[in-house]
Amino acid sequence: MEPFTTHTGVIATLDRANVDTDQIIPKQFLKSIQRTGFGKSLFFDWRYGDDGKPNPDFELNQPEFEGASILVTRNNFGCGSSREHAVWAVAQYGFRAIVAPWQESLGSRVPGFADIFCNNCVKNGILTIELSESDVDQIFAVVNARKGIEAAIDLEAQTLTLKSDPEHVFSFEVNAVVKDHLLRGLDDIALTLAHEADITAFEQQHNTQLPT
Amino acid sequence: MSAKTLFDKIWDRHVVKTMPDGTALLYIDRHLVHEVTSPQAFEGLRLAGRSLRRPDLSFATMDHNVPTTSEDRMTIRDPISAAQVEALRANCREFGVNLYDLQSDHQGIVHIIGPEMGITLPGMTIVCGDSHTSTHGAFGTLAFGIGTSEVEHVLATQTLRQSRPKTFRVEFTGQLQPGVTSKDMILKLIGLIGTAGGTGYVIEYAGEAVRALSMEARMTICNMSIEGGARAGMIAPDDVTYDYIAAQDRPFAPKGADFDRAVEFWRTLPSDPDATFDRTLTIKADEIAPQVTWGTNPGMVVDVTERVPAPGEVPGASARDVEQALAYMGLTPGTPMTEIPLDTVFIGSCTNARIEDLRKIATIIKGRRKADSVRVIVVPGSQQVRKQAEREGIDRIFVDAGAEWRYAGCSMCLGMNPDQLKPGERCASTSNRNFEGRQGKGGRTHLVSPEMAAAALLEGHFVDIRNWQPAA
């Protein structure tokens, strides 16, 4: 897996909450048995008209966002199905990082990203950045005022810097395990297989059907 | 020893070791596999020269792509679907995985055949490359959906590296009103907490109204945990669970003395009375009305007695989100939910296509005809459900009512097979997701219980089933 250390690129907006994986990659593209070729189908139903041409009203089709590699969106991005095809589509379109706000709801902090999607991102070297709603509102405002500007992400320092004038720097929290994985581009299976003796020992005392 | 929740007990029993980074290496007892999320995982194993660690703990079937009409079923016309189904066959052959292929009596939606065959048992960890794996939590298992990279990880190691989730106890007090179902309970909860409200938690459903539910109804609740953001939902096992597992035709369930010994263990699983949860919520079951979704996620839901809301009236959703949802759904604020005309009724999916669901609908529609304006598609969740329904004459009741009686599969829940809505078509669906385009591009989905779907197919629109009688 490609490590994620620092990244600078155009930041694009997608002003929708609860973007589900059916929108990120519709069902008809899940029939592939390959791991590649999903980038052109990202947000397919929003991105293309019935004639197959790019829909000019869709945010990501604005010329200023061409080549964008950082996406800022709203709460609960990636909800729904576990399909990793959604993350493959995001990655193969060219995104390296996604920014979404966490929210307060009923006295509980609701994460900006859906659980399985977030996990799938880590496995594919995509950084998900959670910020407060006010920070995300500010990013939307700055980007919309100057579409096409870049942002710089430093994972080690846990900062996202909007390359506006003046620059805006946002600090983010990241799970230490996730951070380490992304920084080093680790292969999970190889890591786990290094503990194979422990798995074998566990299997010998663990009956998978009945209690032992 | 400190008090433990059901979740804690299962989790702790499956930790192979705690990794240096603090995550747990969690042993997986059952890995369910289907054609859509597995091919890249098997390919990954091949490329790395790795073997499948425990083929005996892996169970596969094809469900997402499968055509449900007799003429198309065995020869899938869509070449890309056919290739994906064929890839599953080849992978299962190569790696020695139990496959319930299309001609098998046990083929069906993976979350329906697992419990049906006794593959799903209390106290287990179960994963599948499918978010509705939460269904199996109804048996007091820790069951959750994973992506394809994690599928590959389980194939190679029979483990997953996981951070411990938080616990959330949702108690339903009192008793449901007649006509109100477990589908309404879970939709009500999602309406309250939102589609991200459970993210990061494992939910345990408890309380009098949950205890009173059948296994089928419990599976419906756990199934939709993911629609509230929770990767897993669980219900403590009890006699209802053990009676279900003891039924005759569950080849993988323990029998005789093994069963007795298992029950003795399963009885130790429920949360200790003084166990604490990270979060709790109480809902009065007797106040729940039949639920109908109006928008484009399962949290956009109201009582059937209510009206389509206006932007600004929906807690937790921005005016813009509501406007977008209403535009997609073709709905005008203020319209009574009971006055929305329907084109299609879909009865199926891992949420509500078990034999009990079909029996309840059959009881309502027996001897009656569907409304002329709707087409009705009934897709049993498994071949076993289909056969059982045919033994009971339920298929005739559907056919006589004007419904299409199909073979098992995921079908119009997600429309990966030929069963899809046309643009603008409006559907009352017993499935789990009303996302844009979910049932077909431009299709409009309203999620309801099987009983509400039954009434809707007769009337051509929604009714409040609590004070409705079908015309004679």
# chains A, B, ... in the order shown; residues from 1 in each chain; ligands from 1
>>> select_by_dssp(residues="region 72-198 of chain A", states="strand (DSSP E)", output="count of residues only")
31
>>> select_by_dssp(residues="region 156-256 of chain B", states="helix (DSSP H, G or I)", output="NGL selection string")
:B and (156-157 or 182-193 or 208-211 or 215-228 or 239-246 or 256)
>>> closest_residue(among="A:Ala114, A:Leu191, A:Ile24, A:Leu183", to="Phe4 (chain A)", atoms="only C-alpha atoms")
A:Leu183
>>> residues_around(residues="Leu26 (chain B)", least_positions_apart="6", cutoff="9 Å", atoms="only C-alpha atoms", output="PyMOL selection string")
chain B and resi 11-18+125+158-162
>>> write_last_selection(atoms="C-alpha atoms", output="CSV table (one decimal), in the first residue's frame")
chain,number,residue,atom,x,y,z
B,11,TRP,CA,-15.3,-10.2,22.3
B,12,ASP,CA,-13.2,-11.4,25.2
B,13,ARG,CA,-13.6,-15.0,24.2
B,14,HIS,CA,-12.2,-14.3,20.7
B,15,VAL,CA,-9.2,-12.1,21.4
B,16,VAL,CA,-6.2,-14.1,20.1
B,17,LYS,CA,-3.9,-11.4,21.4
B,18,THR,CA,-3.7,-7.7,21.9
B,125,THR,CA,-18.0,-14.0,15.8
B,158,GLN,CA,-9.2,-16.3,10.1
B,159,THR,CA,-8.7,-13.2,12.2
B,160,LEU,CA,-9.3,-9.4,12.0
B,161,ARG,CA,-7.5,-6.6,13.7
B,162,GLN,CA,-10.1,-4.6,15.4
